[in-house]
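Participant: Structure file data.txt (compact mmCIF, C-alpha atoms and all ligand atoms) is given on the next line.
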```txt
# COMPACT_ATOMS: atom_id res chain seq x y z
CA MET K 40 -4.58 29.45 -44.56
CA LYS K 41 -3.10 31.29 -41.54
CA HIS K 42 -4.89 34.59 -41.10
CA VAL K 43 -8.40 33.61 -41.99
CA TYR K 44 -10.11 36.92 -41.20
CA GLN K 45 -7.64 38.99 -43.27
CA GLU K 46 -7.48 36.49 -46.11
CA GLY K 47 -11.28 36.31 -46.05
CA LYS K 48 -11.60 40.08 -46.19
CA ASP K 49 -9.15 40.35 -49.11
CA PHE K 50 -10.99 37.54 -50.86
CA ALA K 51 -14.37 39.21 -50.29
CA LYS K 52 -13.19 42.53 -51.72
CA ALA K 53 -11.88 40.81 -54.83
CA HIS K 54 -14.48 38.08 -55.43
CA ILE K 55 -17.67 38.88 -53.51
CA LEU K 56 -17.95 42.67 -53.77
CA PRO K 57 -18.25 42.73 -57.61
CA TYR K 58 -21.49 40.68 -57.39
CA THR K 59 -23.04 42.00 -54.17
CA ASP K 60 -25.32 44.59 -55.73
CA ARG K 61 -26.56 42.22 -58.43
CA THR K 62 -27.04 39.43 -55.90
CA ASP K 63 -29.54 41.64 -54.07
CA LYS K 64 -31.19 43.40 -57.01
CA GLU K 65 -31.70 40.28 -59.13
CA SER K 66 -32.23 37.94 -56.17
CA ARG K 67 -29.47 35.84 -57.69
CA PHE K 68 -27.39 33.16 -55.98
CA PRO K 69 -23.72 34.33 -55.85
CA GLU K 70 -22.49 31.53 -58.13
CA GLU K 71 -19.35 33.34 -59.28
CA SER K 72 -18.26 33.97 -55.69
CA PHE K 73 -18.81 30.29 -54.85
CA GLU K 74 -16.64 29.25 -57.79
CA LYS K 75 -13.87 31.41 -56.32
CA LEU K 76 -14.54 30.19 -52.76
CA ALA K 77 -13.80 26.71 -54.08
CA GLU K 78 -10.80 27.78 -56.12
CA GLN K 79 -9.19 29.64 -53.22
CA GLY K 80 -9.79 26.90 -50.66
CA PHE K 81 -12.48 28.46 -48.45
CA LEU K 82 -14.91 25.58 -49.04
CA LYS K 83 -12.40 23.18 -47.49
CA LEU K 84 -11.61 25.40 -44.49
CA LEU K 85 -13.07 22.91 -41.98
CA ILE K 86 -12.27 19.69 -43.85
CA PRO K 87 -9.56 17.82 -41.91
CA GLU K 88 -6.05 17.79 -43.36
CA GLU K 89 -6.09 14.02 -43.83
CA TYR K 90 -8.98 14.53 -46.28
CA GLY K 91 -7.21 17.36 -48.11
CA GLY K 92 -8.62 20.37 -46.25
CA TYR K 93 -7.24 22.99 -43.88
CA GLY K 94 -8.56 21.31 -40.72
CA LYS K 95 -9.73 24.55 -39.10
CA GLY K 96 -12.41 24.92 -36.42
CA LEU K 97 -14.98 27.20 -34.82
CA GLU K 98 -12.76 30.30 -34.56
CA GLU K 99 -11.75 30.27 -38.21
CA HIS K 100 -15.36 29.52 -39.21
CA ALA K 101 -16.44 32.67 -37.34
CA GLU K 102 -13.61 34.74 -38.83
CA ALA K 103 -14.41 33.74 -42.41
CA CYS K 104 -18.17 34.37 -41.98
CA LEU K 105 -17.45 37.73 -40.36
CA ALA K 106 -15.07 38.83 -43.12
CA PHE K 107 -17.51 37.84 -45.88
CA ALA K 108 -20.50 39.47 -44.13
CA GLU K 109 -18.60 42.76 -43.92
CA ILE K 110 -18.96 42.75 -47.72
CA CYS K 111 -22.10 40.68 -48.45
CA SER K 112 -24.45 39.19 -45.85
CA THR K 113 -26.14 36.80 -48.30
CA THR K 114 -22.90 35.21 -49.49
CA ALA K 115 -21.69 34.90 -45.90
CA LEU K 116 -24.94 33.19 -44.88
CA CYS K 117 -24.79 30.60 -47.69
CA TYR K 118 -21.11 29.95 -46.94
CA MET K 119 -21.86 29.62 -43.22
CA MET K 120 -24.44 26.85 -43.88
CA HIS K 121 -21.88 24.90 -45.94
CA ASN K 122 -19.34 25.01 -43.11
CA VAL K 123 -21.91 23.81 -40.56
CA ALA K 124 -22.84 20.80 -42.70
CA VAL K 125 -19.16 20.00 -43.31
CA MET K 126 -18.41 20.10 -39.58
CA CYS K 127 -21.26 17.74 -38.77
CA LEU K 128 -19.77 15.28 -41.24
CA VAL K 129 -16.26 15.82 -39.82
CA THR K 130 -17.36 14.95 -36.30
CA HIS K 131 -19.95 12.21 -36.90
CA GLY K 132 -19.69 10.96 -40.50
CA SER K 133 -18.26 7.56 -41.43
CA ASP K 134 -14.85 7.51 -43.06
CA GLU K 135 -16.44 6.36 -46.32
CA LEU K 136 -19.00 9.18 -46.36
CA LYS K 137 -16.33 11.76 -45.53
CA ARG K 138 -14.01 10.49 -48.27
CA ARG K 139 -16.80 10.57 -50.84
CA ILE K 140 -18.18 14.02 -50.05
CA PHE K 141 -14.98 15.81 -49.13
CA ALA K 142 -13.30 14.60 -52.33
CA ASP K 143 -16.27 15.91 -54.31
CA ILE K 144 -16.10 19.31 -52.54
CA ILE K 145 -12.37 19.63 -53.13
CA GLU K 146 -12.12 18.19 -56.65
CA ASN K 147 -15.46 19.19 -58.17
CA ARG K 148 -16.15 22.46 -56.34
CA THR K 149 -19.40 21.28 -54.82
CA PHE K 150 -20.80 22.47 -51.49
CA MET K 151 -23.36 21.64 -48.81
CA ALA K 152 -26.50 23.13 -47.26
CA LEU K 153 -29.00 22.52 -44.44
CA ALA K 154 -32.55 21.38 -45.13
CA TYR K 155 -33.93 21.24 -41.60
CA SER K 156 -36.86 23.65 -41.14
CA GLU K 157 -40.34 22.41 -41.88
CA PHE K 158 -43.63 24.23 -42.41
CA GLY K 159 -45.22 22.75 -39.31
CA THR K 160 -42.53 22.94 -36.65
CA GLY K 161 -40.96 26.19 -37.94
CA THR K 162 -38.31 27.64 -35.68
CA HIS K 163 -38.19 24.35 -33.68
CA PHE K 164 -36.29 22.77 -36.58
CA TYR K 165 -35.05 19.75 -34.59
CA ILE K 166 -38.64 18.40 -34.45
CA THR K 167 -39.32 16.72 -37.80
CA GLU K 168 -42.60 15.62 -39.36
CA MET K 169 -40.85 13.75 -42.20
CA THR K 170 -41.56 10.05 -42.52
CA ALA K 171 -38.79 7.46 -42.82
CA GLU K 172 -39.70 3.86 -43.73
CA VAL K 173 -36.94 1.30 -43.27
CA ASN K 174 -36.60 -1.66 -45.61
CA GLY K 175 -33.42 -3.65 -45.01
CA ASP K 176 -30.47 -1.31 -45.55
CA ASN K 177 -32.66 1.24 -47.38
CA THR K 178 -34.79 4.01 -45.93
CA THR K 179 -37.53 5.75 -47.92
CA PHE K 180 -38.30 9.34 -46.97
CA ASN K 181 -41.32 11.55 -47.56
CA GLY K 182 -41.98 15.11 -46.46
CA ARG K 183 -41.34 18.74 -47.15
CA LYS K 184 -38.74 21.20 -45.89
CA SER K 185 -39.78 24.85 -45.83
CA MET K 186 -36.76 27.08 -46.46
CA VAL K 187 -33.51 25.72 -47.85
CA THR K 188 -30.70 28.21 -48.42
CA SER K 189 -28.60 27.50 -51.54
CA ALA K 190 -31.42 25.30 -52.84
CA SER K 191 -30.50 23.51 -56.08
CA TYR K 192 -26.98 25.06 -56.03
CA ALA K 193 -25.64 22.94 -53.17
CA SER K 194 -24.86 19.31 -54.06
CA TYR K 195 -25.55 17.82 -50.59
CA TYR K 196 -28.29 18.64 -48.02
CA LEU K 197 -28.35 17.69 -44.37
CA VAL K 198 -31.87 16.45 -43.58
CA LEU K 199 -33.35 15.48 -40.21
CA ALA K 200 -35.78 12.54 -40.19
CA PRO K 201 -37.21 10.23 -37.50
CA SER K 202 -35.17 7.25 -36.32
CA VAL K 203 -36.56 3.73 -35.88
CA GLU K 204 -35.78 4.32 -32.21
CA GLU K 205 -38.87 5.93 -30.69
CA GLY K 206 -38.50 9.68 -30.08
CA LYS K 207 -35.06 9.88 -31.71
CA ILE K 208 -33.93 11.46 -34.99
CA ASN K 209 -31.28 10.83 -37.63
CA ASN K 210 -29.25 13.27 -39.65
CA TRP K 211 -28.90 12.27 -43.31
CA VAL K 212 -26.98 13.54 -46.31
CA PHE K 213 -29.32 13.85 -49.31
CA PRO K 214 -27.42 14.19 -52.61
CA LEU K 215 -28.97 16.76 -54.96
CA ASP K 216 -29.46 14.14 -57.65
CA SER K 217 -31.45 11.74 -55.42
CA GLU K 218 -34.51 10.44 -57.24
CA GLY K 219 -37.64 12.03 -55.74
CA LEU K 220 -35.83 15.15 -54.47
CA SER K 221 -37.05 18.44 -55.94
CA PHE K 222 -37.26 22.13 -55.12
CA GLU K 223 -40.08 24.62 -55.51
CA LEU K 224 -37.81 26.96 -57.39
CA THR K 225 -40.00 30.00 -57.18
CA GLU K 226 -37.85 33.08 -56.90
CA TRP K 227 -36.92 33.72 -53.26
CA ASN K 228 -39.04 36.70 -52.22
CA GLY K 229 -37.60 37.32 -48.76
CA LEU K 230 -37.25 40.85 -47.43
CA GLY K 231 -33.48 40.51 -47.41
CA MET K 232 -30.73 37.93 -47.95
CA ARG K 233 -32.01 38.18 -51.51
CA GLY K 234 -29.36 36.01 -53.12
CA ASN K 235 -29.73 32.97 -50.90
CA SER K 236 -32.06 31.10 -53.25
CA SER K 237 -34.08 29.78 -50.31
CA CYS K 238 -37.11 27.69 -51.24
CA PRO K 239 -39.09 24.60 -50.16
CA MET K 240 -37.68 21.11 -50.77
CA HIS K 241 -39.99 18.21 -51.67
CA VAL K 242 -38.99 14.72 -50.60
CA ASN K 243 -41.11 12.17 -52.46
CA ASP K 244 -40.08 8.57 -51.90
CA VAL K 245 -36.39 9.44 -51.73
CA THR K 246 -34.60 6.16 -50.96
CA LEU K 247 -31.09 6.11 -49.50
CA ASP K 248 -28.96 3.34 -48.07
CA SER K 249 -27.49 3.61 -44.59
CA SER K 250 -24.15 4.92 -45.88
CA CYS K 251 -25.87 8.32 -46.23
CA ARG K 252 -26.83 8.46 -42.55
CA ILE K 253 -24.47 10.54 -40.40
CA GLY K 254 -23.43 8.64 -37.28
CA ALA K 255 -25.13 5.85 -35.36
CA GLU K 256 -28.87 5.17 -35.55
CA GLY K 257 -30.76 7.72 -33.44
CA SER K 258 -27.78 10.06 -32.89
CA GLY K 259 -29.22 13.05 -34.82
CA GLN K 260 -30.29 15.01 -31.76
CA GLU K 261 -26.81 14.76 -30.24
CA GLN K 262 -25.30 16.01 -33.54
CA VAL K 263 -27.75 18.90 -33.72
CA PHE K 264 -27.06 20.13 -30.22
CA ASN K 265 -23.33 19.37 -29.97
CA VAL K 266 -22.11 20.35 -33.43
CA VAL K 267 -24.72 21.91 -35.71
CA ALA K 268 -26.03 24.33 -33.08
CA PRO K 269 -22.65 25.74 -31.90
CA PHE K 270 -21.33 26.17 -35.44
CA PHE K 271 -24.63 27.51 -36.76
CA ILE K 272 -25.33 29.88 -33.88
CA THR K 273 -21.75 31.21 -33.78
CA GLY K 274 -21.84 31.52 -37.58
CA LEU K 275 -25.02 33.58 -37.39
CA GLY K 276 -23.38 35.77 -34.74
CA ALA K 277 -20.53 36.35 -37.19
CA VAL K 278 -22.85 37.04 -40.14
CA TYR K 279 -24.83 39.69 -38.23
CA SER K 280 -21.73 41.22 -36.59
CA GLY K 281 -20.25 41.55 -40.08
CA THR K 282 -23.49 43.09 -41.34
CA ALA K 283 -23.36 45.62 -38.48
CA MET K 284 -19.69 46.46 -39.21
CA HIS K 285 -20.61 46.95 -42.85
CA MET K 286 -23.31 49.42 -41.77
CA PHE K 287 -20.71 51.32 -39.73
CA GLU K 288 -18.34 51.51 -42.70
CA VAL K 289 -21.03 52.78 -45.08
CA ALA K 290 -22.56 55.28 -42.60
CA SER K 291 -19.22 56.70 -41.41
CA SER K 292 -17.77 57.18 -44.90
CA HIS K 293 -21.02 58.77 -46.06
CA ALA K 294 -20.94 61.16 -43.09
CA VAL K 295 -17.40 62.22 -44.00
CA ASP K 296 -18.00 62.48 -47.77
CA ARG K 297 -21.37 64.24 -47.74
CA LYS K 298 -20.67 68.01 -47.97
CA TYR K 299 -23.05 70.94 -47.48
CA PRO K 300 -22.80 74.12 -49.63
CA ASP K 301 -20.60 75.83 -47.00
CA GLY K 302 -18.09 72.97 -47.37
CA SER K 303 -18.83 71.36 -44.03
CA SER K 304 -19.36 67.61 -43.73
CA LEU K 305 -22.30 65.74 -42.29
CA SER K 306 -19.76 64.26 -39.87
CA ALA K 307 -19.13 67.71 -38.36
CA ILE K 308 -22.61 67.64 -36.80
CA GLU K 309 -22.49 66.48 -33.21
CA THR K 310 -25.69 64.40 -33.36
CA VAL K 311 -24.28 62.53 -36.36
CA GLN K 312 -21.04 61.92 -34.44
CA VAL K 313 -23.08 60.40 -31.60
CA HIS K 314 -24.95 58.14 -34.04
CA ILE K 315 -21.71 57.01 -35.70
CA GLY K 316 -20.23 56.33 -32.27
CA ASN K 317 -23.26 54.27 -31.26
CA ILE K 318 -23.19 52.28 -34.51
CA TYR K 319 -19.51 51.51 -34.01
CA LYS K 320 -20.02 50.65 -30.34
CA ASN K 321 -22.76 48.14 -31.14
CA ALA K 322 -21.03 46.64 -34.18
CA SER K 323 -17.64 46.25 -32.55
CA ALA K 324 -19.19 44.82 -29.38
CA ALA K 325 -21.08 42.27 -31.50
CA ARG K 326 -17.88 41.33 -33.32
CA ALA K 327 -15.88 41.06 -30.10
CA ILE K 328 -18.46 38.98 -28.25
CA THR K 329 -18.80 36.66 -31.27
CA LEU K 330 -15.07 36.07 -31.69
CA GLU K 331 -14.74 35.55 -27.95
CA ALA K 332 -17.61 33.03 -28.00
CA ALA K 333 -15.92 31.18 -30.87
CA ARG K 334 -12.68 31.07 -28.91
CA ALA K 335 -14.46 29.77 -25.78
CA GLY K 336 -16.30 27.17 -27.89
CA ALA K 337 -13.12 26.02 -29.62
CA ASN K 338 -11.43 25.57 -26.23
CA GLY K 339 -14.42 23.77 -24.73
CA GLU K 340 -14.73 26.27 -21.87
CA ALA K 341 -17.47 25.66 -19.32
CA ASP K 342 -19.48 28.77 -20.20
CA ALA K 343 -18.99 28.45 -23.98
CA LEU K 344 -22.66 27.69 -24.67
CA ALA K 345 -23.86 30.77 -22.79
CA ARG K 346 -21.29 32.90 -24.64
CA ILE K 347 -22.31 31.51 -28.03
CA LEU K 348 -26.02 32.08 -27.37
CA SER K 349 -25.35 35.62 -26.07
CA ALA K 350 -23.23 36.47 -29.09
CA ARG K 351 -25.87 35.39 -31.60
CA ILE K 352 -28.71 37.19 -29.77
CA PHE K 353 -26.62 40.32 -29.29
CA ALA K 354 -25.31 40.39 -32.86
CA SER K 355 -28.73 40.04 -34.49
CA GLU K 356 -30.20 42.77 -32.30
CA ALA K 357 -27.13 44.99 -32.75
CA ALA K 358 -27.39 44.72 -36.53
CA ILE K 359 -31.01 45.92 -36.45
CA GLU K 360 -30.13 48.80 -34.11
CA CYS K 361 -27.08 49.77 -36.21
CA GLY K 362 -29.33 49.74 -39.27
CA ARG K 363 -31.86 52.04 -37.62
CA LEU K 364 -29.16 54.58 -36.78
CA ALA K 365 -27.30 54.20 -40.07
CA MET K 366 -30.51 54.92 -42.01
CA ARG K 367 -30.83 58.14 -40.00
CA VAL K 368 -27.25 59.17 -40.82
CA GLY K 369 -27.73 58.21 -44.48
CA GLY K 370 -30.87 60.37 -44.78
CA GLY K 371 -32.64 60.53 -48.17
CA LYS K 372 -29.64 58.99 -49.91
CA ALA K 373 -30.02 55.88 -47.79
CA TYR K 374 -33.80 55.82 -48.21
CA ASN K 375 -33.67 56.14 -52.01
CA LYS K 376 -31.05 53.35 -52.17
CA ALA K 377 -28.15 55.48 -53.38
CA LEU K 378 -26.37 53.94 -50.38
CA PRO K 379 -26.54 50.16 -49.71
CA LEU K 380 -27.85 50.74 -46.18
CA GLU K 381 -31.46 49.77 -46.85
CA ARG K 382 -30.19 46.43 -48.25
CA LEU K 383 -28.21 45.86 -45.06
CA VAL K 384 -31.25 46.68 -42.93
CA ARG K 385 -33.31 44.14 -44.89
CA ASP K 386 -30.55 41.55 -44.49
CA ALA K 387 -30.31 42.29 -40.77
CA TYR K 388 -33.99 41.51 -40.17
CA ALA K 389 -33.37 37.83 -41.01
CA GLY K 390 -31.17 37.66 -37.91
CA GLN K 391 -33.85 37.67 -35.28
CA ILE K 392 -36.06 35.05 -36.93
CA MET K 393 -33.62 32.48 -38.31
CA ALA K 394 -33.95 29.28 -36.32
CA PRO K 395 -33.34 29.00 -33.48
CA SER K 396 -34.75 32.53 -33.35
CA ALA K 397 -33.44 35.27 -31.06
CA ASP K 398 -36.49 34.80 -28.80
CA VAL K 399 -36.05 31.04 -28.57
CA LEU K 400 -32.33 31.50 -27.92
CA SER K 401 -33.06 34.00 -25.15
CA VAL K 402 -35.05 31.28 -23.40
CA TRP K 403 -32.19 28.79 -24.00
CA LEU K 404 -29.70 31.29 -22.60
CA GLY K 405 -31.71 31.67 -19.39
CA LYS K 406 -31.91 27.89 -19.13
CA ALA K 407 -28.17 27.45 -19.75
CA LEU K 408 -27.35 30.05 -17.09
CA THR K 409 -29.56 28.35 -14.50
CA GLY K 410 -28.42 24.81 -15.20
CA GLN K 411 -31.57 23.65 -17.01
CA MET K 412 -31.93 21.33 -20.00
CA ILE K 413 -32.04 22.83 -23.51
CA PRO K 414 -34.44 23.00 -25.33
C1 LIG K 501 -32.94 34.11 -44.83
C2 LIG K 501 -33.38 32.80 -44.26
C3 LIG K 501 -32.72 31.64 -44.62
C4 LIG K 501 -33.10 30.42 -44.11
N1 LIG K 501 -32.41 29.31 -44.49
C5 LIG K 501 -32.73 28.11 -43.95
C6 LIG K 501 -31.98 26.94 -44.30
O1 LIG K 501 -31.04 26.98 -45.09
N2 LIG K 501 -32.34 25.76 -43.76
C7 LIG K 501 -33.37 25.65 -42.88
O2 LIG K 501 -33.61 24.56 -42.41
N3 LIG K 501 -34.11 26.74 -42.53
C8 LIG K 501 -33.82 27.96 -43.05
N4 LIG K 501 -34.56 29.07 -42.72
C9 LIG K 501 -35.77 28.90 -41.89
C10 LIG K 501 -35.60 29.42 -40.47
O3 LIG K 501 -34.45 28.91 -39.91
C11 LIG K 501 -36.81 29.16 -39.59
O4 LIG K 501 -37.04 27.80 -39.46
C12 LIG K 501 -38.03 29.82 -40.11
O5 LIG K 501 -37.74 31.17 -40.32
C13 LIG K 501 -39.17 29.65 -39.12
O6 LIG K 501 -40.29 30.36 -39.62
P1 LIG K 501 -41.76 30.15 -39.03
O7 LIG K 501 -42.59 31.25 -39.62
O8 LIG K 501 -42.24 28.77 -39.23
O9 LIG K 501 -41.52 30.42 -37.50
P2 LIG K 501 -42.46 30.07 -36.28
O10 LIG K 501 -42.01 28.78 -35.67
O11 LIG K 501 -43.89 30.18 -36.69
O12 LIG K 501 -42.12 31.25 -35.26
C14 LIG K 501 -42.66 32.56 -35.42
C15 LIG K 501 -42.13 33.47 -34.34
O13 LIG K 501 -42.51 32.97 -33.06
C16 LIG K 501 -41.39 32.86 -32.22
N5 LIG K 501 -41.48 31.63 -31.40
C17 LIG K 501 -41.88 30.40 -31.78
N6 LIG K 501 -41.77 29.55 -30.74
C18 LIG K 501 -41.27 30.24 -29.71
C19 LIG K 501 -40.92 29.90 -28.36
N7 LIG K 501 -41.09 28.67 -27.88
N8 LIG K 501 -40.43 30.87 -27.57
C20 LIG K 501 -40.29 32.13 -28.03
N9 LIG K 501 -40.60 32.52 -29.29
C21 LIG K 501 -41.08 31.59 -30.11
C22 LIG K 501 -40.18 32.75 -33.15
O14 LIG K 501 -39.09 33.33 -32.52
C23 LIG K 501 -40.59 33.53 -34.36
O15 LIG K 501 -40.16 34.87 -34.25
C24 LIG K 501 -34.20 30.33 -43.21
C25 LIG K 501 -34.87 31.50 -42.83
C26 LIG K 501 -34.47 32.72 -43.35
C27 LIG K 501 -35.20 33.96 -42.94
```
So that I can check it, write out the structure of this file as structure tokens.
Facilitator:
Amino acid sequence: MKHVYQEGKDFAKAHILPYTDRTDKESRFPEESFEKLAEQGFLKLLIPEEYGGYGKGLEEHAEACLAFAEICSTTALCYMMHNVAVMCLVTHGSDELKRRIFADIIENRTFMALAYSEFGTGTHFYITEMTAEVNGDNTTFNGRKSMVTSASYASYYLVLAPSVEEGKINNWVFPLDSEGLSFELTEWNGLGMRGNSSCPMHVNDVTLDSSCRIGAEGSGQEQVFNVVAPFFITGLGAVYSGTAMHMFEVASSHAVDRKYPDGSSLSAIETVQVHIGNIYKNASAARAITLEAARAGANGEADALARILSARIFASEAAIECGRLAMRVGGGKAYNKALPLERLVRDAYAGQIMAPSADVLSVWLGKALTGQMIP
């Protein structure tokens, strides 16, 4: 896979677009698109070559998420979570765990998800109230996760739980078929991202041996901040930049196509031109800052963290602003859902609250820029 953005965009037009409307209207997980994502190799984008994948990194992750989000924000979000979980395994998993899970992803078309957030600690997802009782090589877990994207569709879930080392956490891989693992499969009733099948996960006496722990005892926090956070935050930047670009495409083509009785287009009106210009300006700035942050992150540049945080904050706010303007350009046709803009606005609103939220990240950004510890 050489030109990930372009190949991703072509893929999305062929295999995501046909289901996008139904995904939203029926609140249905995009299963067909995931089948094709597996078939065409996107699920192994970040899996190292020695394990049968393409061995790509942060830049290609951002490009794929961006390309998919320009067609369907929900599908891009679910895909993004899979990549983040894969990368955590790539960097910290044991060879045995990698072999087992990567072979399953490649041969059996399975995928991964993140079960981090809890009802109590909310947006501060790295603080877990789960319990983990160690008995020899086995650990028994109890607790509840609040919102798990791709719930019951993904075959492996990254779960944070306390370590035996005081104040530390571990990152575990919970297989879907673990005894005691269940989902509250009520239909996801979120404002947007309607196809992501998010729901609570119940962990009742789930017992796993230490082969399912990622990395050394107590190393979960390091994984969260060094790998999960950069890939997740950059991925969210890409998802919301793509959502904003999608808004531009819909609003600008509507402005050109919508004709008044005298034959003139909506786009001939100067105020509309200004709105279209502002939508494009915000969307393309979000895309540029996100791709640049991914590049800085991939190259380990000194200010990469600040760039990544800025990109995610900017992109989620830009998507909401683009949506506000696009709804104005779309007029009644946008409001009555003849155009997909109201769906995109609903999707965009997830951006500012997904953990770590835009507000929390703004604090982190200030800390990063003044040399303080995060969080
Ligand atoms: C579409 C969608 C998909 C999701 N998928 C997943 C998933 O796959 N896995 C997963 O683990 N989680 C997932 N989540 C959960 C998400 O990441 C958050 O954990 C969750 O939204 C937190 O909700 P809360 O009401 O508990 O937030 P709260 O913690 O109650 O926060 C409420 C508000 O207060 C603000 N706030 C809180 N603390 C601070 C602070 N210190 N400084 C500034 N502002 C603060 C927050 O920004 C937020 O806007 C998903 C959420 C959404 C919307």
Participant: Do you know which residues are at most 7 Å from range 321-338 of chain K counting all atoms listed in the file, after dropping those on the same chain fewer than 5 positions away, and could you put them as a list of chain:residue names?
Facilitator: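 Residues near the query, excluding close chain neighbours: K:Gly96, K:Leu97, K:Glu98, K:Ala101, K:Thr273, K:Gly276, K:Ala277, K:Ser280, K:Ala283, K:Met284, K:Ala343, K:Arg346, K:Ile347, K:Ala350, K:Phe353, K:Ala354, K:Ala357, K:Cys361.
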Participant: Write the residues you've just listed into a file as a PDB file, keeping the file's coordinate frame, and include C-alpha atoms for each of them.
Facilitator:
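The new file selection.pdb reads:
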```pdb
ATOM      1  CA  GLY K  96     -12.410  24.920 -36.420  1.00  0.00           C
ATOM      2  CA  LEU K  97     -14.980  27.200 -34.820  1.00  0.00           C
ATOM      3  CA  GLU K  98     -12.760  30.300 -34.560  1.00  0.00           C
ATOM      4  CA  ALA K 101     -16.440  32.670 -37.340  1.00  0.00           C
ATOM      5  CA  THR K 273     -21.750  31.210 -33.780  1.00  0.00           C
ATOM      6  CA  GLY K 276     -23.380  35.770 -34.740  1.00  0.00           C
ATOM      7  CA  ALA K 277     -20.530  36.350 -37.190  1.00  0.00           C
ATOM      8  CA  SER K 280     -21.730  41.220 -36.590  1.00  0.00           C
ATOM      9  CA  ALA K 283     -23.360  45.620 -38.480  1.00  0.00           C
ATOM     10  CA  MET K 284     -19.690  46.460 -39.210  1.00  0.00           C
ATOM     11  CA  ALA K 343     -18.990  28.450 -23.980  1.00  0.00           C
ATOM     12  CA  ARG K 346     -21.290  32.900 -24.640  1.00  0.00           C
ATOM     13  CA  ILE K 347     -22.310  31.510 -28.030  1.00  0.00           C
ATOM     14  CA  ALA K 350     -23.230  36.470 -29.090  1.00  0.00           C
ATOM     15  CA  PHE K 353     -26.620  40.320 -29.290  1.00  0.00           C
ATOM     16  CA  ALA K 354     -25.310  40.390 -32.860  1.00  0.00           C
ATOM     17  CA  ALA K 357     -27.130  44.990 -32.750  1.00  0.00           C
ATOM     18  CA  CYS K 361     -27.080  49.770 -36.210  1.00  0.00           C
TER      19      CYS K 361
END
```
Participant: Give me the residues within 10 Å of Ile166 in chain K as a ChimeraX atom specification, counting all atoms listed in the file and dropping any in the same chain fewer than 5 places off.
Facilitator: /K:155-157,159-161,199-201,206-208,260
Participant: Selected residues, C-alpha atoms, written as a PDB file, in the coordinates of the input, please.
Facilitator:
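And here is the file that came out, result17.pdb:
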```pdb
ATOM      1  CA  TYR K 155     -33.930  21.240 -41.600  1.00  0.00           C
ATOM      2  CA  SER K 156     -36.860  23.650 -41.140  1.00  0.00           C
ATOM      3  CA  GLU K 157     -40.340  22.410 -41.880  1.00  0.00           C
ATOM      4  CA  GLY K 159     -45.220  22.750 -39.310  1.00  0.00           C
ATOM      5  CA  THR K 160     -42.530  22.940 -36.650  1.00  0.00           C
ATOM      6  CA  GLY K 161     -40.960  26.190 -37.940  1.00  0.00           C
ATOM      7  CA  LEU K 199     -33.350  15.480 -40.210  1.00  0.00           C
ATOM      8  CA  ALA K 200     -35.780  12.540 -40.190  1.00  0.00           C
ATOM      9  CA  PRO K 201     -37.210  10.230 -37.500  1.00  0.00           C
ATOM     10  CA  GLY K 206     -38.500   9.680 -30.080  1.00  0.00           C
ATOM     11  CA  LYS K 207     -35.060   9.880 -31.710  1.00  0.00           C
ATOM     12  CA  ILE K 208     -33.930  11.460 -34.990  1.00  0.00           C
ATOM     13  CA  GLN K 260     -30.290  15.010 -31.760  1.00  0.00           C
TER      14      GLN K 260
END
```
Participant: Have a look at K:Ile55, K:Val289, K:Ala407, K:Ala394 and name the one nearest to ligand LIG 501 (chain K); count all atoms listed in the file.
Facilitator: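 Nearest candidate to ligand LIG 501 (chain K) out of K:Ile55, K:Val289, K:Ala407, K:Ala394: K:Ala394.
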Participant: Which residues are close to range 371-374 of chain K, i.e. within 12 Å by only C-alpha atoms, leaving aside same-chain residues fewer than 3 positions away? Reply as a PyMOL selection string.
Facilitator: chain K and resi 286+289-290+293-294+297+362-368+377-384
Participant: Given a cut-off of 9 Å, what residues near ligand LIG 501 (chain K) show up using all atoms listed in the file, put as a ChimeraX atom specification?
Facilitator: /K:113,116-117,120,152-164,184-190,197-198,229-233,235-238,386,388-402
Participant: Which residue is closest to Leu215 in chain K? Choose from K:His241, K:Lys320, K:His285, K:Lys48 and count all atoms listed in the file.
Facilitator: K:His241
Participant: Near Ser194 in chain K, counting all atoms listed in the file, which residues have an atom at most 12 Å away, once you skip same-chain residues fewer than 6 positions from it, shown as a VMD selection string?
Facilitator: chain K and resid 121 124 140 to 141 143 to 144 147 to 154 212 to 217 220
Participant: Between CA of Glu102 in chain K and CA of Ala193 in chain K, measure the distance and give it in Å to one decimal.
Facilitator: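 Going from CA of Glu102 in chain K over to CA of Ala193 in chain K, I get 22.1 Å.
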Participant: Give the answer as one residue: which of K:Leu275, K:Val123, K:Ile110, K:Ile145 has the shortest atom-to-atom distance to Phe81 in chain K, using all atoms listed in the file?
Facilitator: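 Of K:Leu275, K:Val123, K:Ile110, K:Ile145, the one nearest Phe81 in chain K, counting all atoms listed in the file, is K:Ile145.
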Participant: Using all atoms listed in the file, find all polymer residues with an atom at most 12 Å away from the point (-13.3, 34.0, -44.5); report them as number ranges by chain.
Facilitator: K: 40-52, 54-55, 76, 79-85, 95, 97-111, 114-116, 118-119, 122, 274, 277-278, 281
Participant: One decimal, in Å: what's the spacing between CA of Thr409 in chain K and CA of Phe270 in chain K?
Facilitator: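 Answer for the CA of Thr409 in chain K to CA of Phe270 in chain K separation: 22.6 Å.
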